[in-house]
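Asker: This is the structure, below, for whatever I ask next.
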Amino acid sequence: MEYDPLVDLPGGDNFHDVTALFEDAAEDMQPGALVLTDGFTLLDAMSSFEIGEPRFDSGLALLDKSKPSFNPLAPLTPEEVCWIIDRSVSCEMEWHSGYTLSQSIYSFLYVHSLKEIDPDLVPGGSLPRSDSLRPPELITVVLRAALLGLLKCCDLSWRELNKGNVYDAEDWQSEKCDVPLSEALPVKYVCKALDEACRWLETSAKVQQPWKTMLMNRIVFRKSLIVLFETQLSQPHSGLLPTMINLSLQLLQPIMAVTPSEPAPDSPARLAFDPQFPRVIVSYIPLHVLQLPDQAHTWALLEGLLISLKNVNDLANTTDLTTWEVAGHLQMWCPRPHSRLPYVRSITQSAFWDGVLILNKFALKHVVVQFFRETLDISYDAFTQNIIARWEGPALPPLVQIERTMTQILIANIKSLWYNPPRRRRFCAKSLFDWHELFSVFMDVCVRLAPLQDQEKLDHVRRARVAVLMYRLSVIREVILSGFQLSLYTNEERVFAYWYVVQVLEMHLSCIDQLMPGMSSDSNAYFELSYQSQFLTALQSLSIAVFIITVKQTTFPWRRTRLNFLRRYKWAFMPEYEDIDLQPFGHPNFTKFATACESMQKDTQFSLDGIALAIEVLSCLLTSPDGWAGRWGEERKKFVQKLLDVCICLQRQLPSTEQALTTWDAKTLKWDVDVHPWFPIISGFPPVPSR
Amino acid sequence: MTEILYRQYVGESDLPHIMALVQSELSEPYVIYTYRYFLHQWPQLSFLAIPAGSSEPIGVIVCKQSMHKHASNRGYIAMLSVSKSWRKRGVASTLVRQSVEVMRRNGVDEVVLETEYDNAPALSLYESLGFIREKRLYRFYLNGKDAFRLVLAVPPSELDQDFPHYMKLSPTNNIFSYPVSSDDDEVSYR
């Protein structure tokens, strides 16, 4: 109904002028004075707006008559409908990428016109005159079905994202602004609408080829997506998922192959999308207008999503937790394009732990059982029996506490591999205290055990303690190296990071040296330790080389460097550590670093042999047994190859003598995370992948 | 080269200039109350750079200072802007130093701000002043970009020998002090 400002003014027309009231109230205020209510926050300030100021007063947009108004029943050709459906998928993928619903889905105006295009609700005779090329059913049956399907997929995704595995206002945006996403409509209803759309397209003479097939492809694809998303939500371990994912991937191919052309500038299809429209919706988040990506990018993202779901399904059927860790680290350090949408990261975590069961079949104890089997090649029972048999402590041994703590730490560690990288780093830093607490419990237990009667046998409890320390050191390493991947470090901080990671790796390798003897040499646990030993040796050698190169080229403003060190590594100086008698292993020491720098800078012996050693070790690693990598063995080898390529490039380009170093420009070292997350390349000489 | 003078914010008369300087950098405008929130509560932390002989500021810094989580005295740089034609003269650097010095005299432990991960000039400026990128904030901005949280760890207060003489305090006239209350306002600003 038309709005008449004379008749329809909100609140009626019985206004009184109260300007004098405001003048009286402000009489004692000086010009420029400001009175703030108690607790007036920055958010309050930013949320205010100026009535009538077009940049802030979204209500003014309602009065903007400059654009032609959107008519949801304006007749459209099949090609136009096809184009609209495709662009609506672009909106959907932008939301999946992490933008708000208002920036994406709600800019698709049909979303707000569902009632108007419902064929059961359209009053007879109200449809605009159409021609044979623009049958009304294209909107009321086909487009409506596609729209319901889109909203249903958003609803199903929203419910997955809302589980809390990924973070609202960070990884994704939940704000719905009171706009329905067809939450109340059952999946069956939406699928029925899609089936009816298909039937109409199949049987109608009103739509010609190729549009008939193109539209049907989109409808059938959307139905497959709804079924897939619903199954992911309700039965994340369903055996039908691989078939469903493959079906959706297959159905996507012809859609990707042929794109409808852009509608004419004066086509009503163009009016279907208005990124400014959501300014009139009630929202807590200001609208930042987006440019929708092109269709090729949209399809690539959607294909990436489906392929990632395949990967998740493979993982969901993997009971070895170290394999989960390998896969998790690889997708963190070396992500495939379009593989880390928040929806996929949430599904992965849900598949691992749904709040009740591990991998939909195991009780919590599974994680601990697997820890002992996969790291030490022993049964958890052997470990607990060992403690019970040798226990000499006053009270009962803290087995329940150990199991509970290990369960919590291990589950959180795996889930967080699918956090966004900055959040994963913060999680790792915080978790170090929990690891240390666990380690100190193991130390206490060891002290209260009688010595082993048979000295030839392995001391499972001591070895478990070493394994826990080893895990902690690997988390410290991840915190250090992620600083490179997130581009956090200044030049001086990089030098420290390489030096520090060398110290941590030394301790880690020492742990491996303690664990490997006595282990069965054909067990996966042994192969995995052997793999790590080689990989970490190479990592250490390369880190030493880069430390040497960078330390010699850096001057340190020591006061500022130390202040920054205390801030950067504040996780190591948390007061909570003082509550535990045992000093933590592997924490950073600034004095030792300063001494090492001084010594290196004076040292005229210069050698980059470390790079040669890294190359040798990594080359052998490419043909070593895979350990626990499982299906991710090949991918892990590719990561090793990537590191090897960087080593070879550096060996070729870095100066090899002290003299050459004095004239070498350190600025040629560039850290580019697209090439390698942790190590530099020489600018102008990127690594050439070896055949 | 024209000399540039620096002074603190004095009142509403400065506000239109500040808004014009800051708005020119941003794609989305700030409501006037956003500026007033900072300028009225922490006027001593806001500085303007004005070329000698002119009345038009060409640079501005707007900040706040409060107790963070009841534990640390934290300064926050909310806005920093220098007119394009006056860049590369150390104006931004001086504005930051001026404000941080006032914060330091009021017991600041750390100074923080956020900036877009690809804002190379800002990152370079703050790194030269001793800031580090403490954390990366995933998709911090509505355009989807990450931010860096930058932090300057401030050493315990000492007499600064380089402090300009006209800004030195007499023991009884502490013109820079203002209450540093606890601030539960955790919303970070661009």
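Naming works like this for the structure tokens: A, B, ... for the chains as they're shown, residue 1 at the start of each chain, ligands 1 onward in shown order.
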Select, as a ChimeraX atom specification, those residues of chain A with any atom no more than 6 Å from chain B (distances computed using only C-alpha atoms).
Answerer: /A:32,41,45-46,170,422,488
Asker: Using DSSP on the backbone coordinates, identify the residues of chain B assigned to helix (DSSP H, G or I); present them as a VMD selection string.
Answerer: chain B and resid 12 to 23 32 to 41 43 to 45 84 to 86 91 to 105 120 to 128 165 to 167
Asker: Report as a ChimeraX atom specification: the residues of range 32-117 of chain B with a DSSP assignment of strand (DSSP E), based on the backbone of this structure.
Answerer: /B:47-51,59-68,72-82,110-116
Asker: Name the residues in contact with range 358-366 of chain A at a cut-off of 8 Å, using only C-alpha atoms, excluding same-chain residues fewer than 6 positions from it; report them as a list of chain:residue names.
Answerer: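 So the residues in contact are A:His237, A:Ala316, A:Asn317, A:Thr319, A:Ala351, A:Phe352, A:Glu403, A:Thr407.
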Asker: Can I get the selected residues back with C-alpha atoms, as a tab-separated table (two decimals), in the first residue's frame?
Answerer:
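The resulting file, selection_21.tsv, is shown below:
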```tsv
chain	number	residue	atom	x	y	z
A	237	HIS	CA	29.00	-40.54	9.97
A	316	ALA	CA	35.66	-39.48	9.91
A	317	ASN	CA	36.39	-43.11	9.07
A	319	THR	CA	40.25	-44.12	14.05
A	351	ALA	CA	32.75	-35.62	13.06
A	352	PHE	CA	35.56	-36.00	15.57
A	403	GLU	CA	42.79	-39.98	32.12
A	407	THR	CA	41.20	-36.71	27.34
```
Asker: Choose the residue, out of A:Phe70, A:Trp200, A:Phe496, A:Trp299, that has the smallest atom-to-atom separation from Glu92 in chain A; count only C-alpha atoms.
Answerer: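 Of A:Phe70, A:Trp200, A:Phe496, A:Trp299, the one nearest Glu92 in chain A is A:Trp299, counting only C-alpha atoms.
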Asker: Would you mind listing what lies within 8 Å of Leu650 in chain A as number ranges by chain, with only C-alpha atoms counted and same-chain residues fewer than 3 positions away left out?
Answerer: A: 611, 646-647, 653-654, 681-682
Asker: Find the residues near Ser656 in chain A: any atom within 7 Å, counting only C-alpha atoms, skip ones fewer than 4 places away on the same chain, and give them as a list in words.
Answerer: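 These residues fall inside the cut-off: Ser607, Leu608 and Ala660 of chain A.
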Asker: Keeping only N, CA, C and O atoms, write the selected residues as a PDB file, in the first residue's frame.
Answerer:
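Saved as selection.pdb:
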```pdb
ATOM      1  N   SER A 607      79.408 -21.220   8.234  1.00  0.00           N
ATOM      2  CA  SER A 607      79.105 -22.407   7.432  1.00  0.00           C
ATOM      3  C   SER A 607      77.605 -22.605   7.332  1.00  0.00           C
ATOM      4  O   SER A 607      76.891 -22.438   8.312  1.00  0.00           O
ATOM      5  N   LEU A 608      77.157 -22.909   6.161  1.00  0.00           N
ATOM      6  CA  LEU A 608      75.743 -23.220   5.969  1.00  0.00           C
ATOM      7  C   LEU A 608      75.569 -24.712   5.683  1.00  0.00           C
ATOM      8  O   LEU A 608      74.696 -25.115   4.919  1.00  0.00           O
ATOM      9  N   ALA A 660      81.731 -13.278   1.555  1.00  0.00           N
ATOM     10  CA  ALA A 660      80.578 -13.024   0.680  1.00  0.00           C
ATOM     11  C   ALA A 660      79.413 -12.460   1.497  1.00  0.00           C
ATOM     12  O   ALA A 660      78.640 -11.628   1.015  1.00  0.00           O
TER      13      ALA A 660
END
```
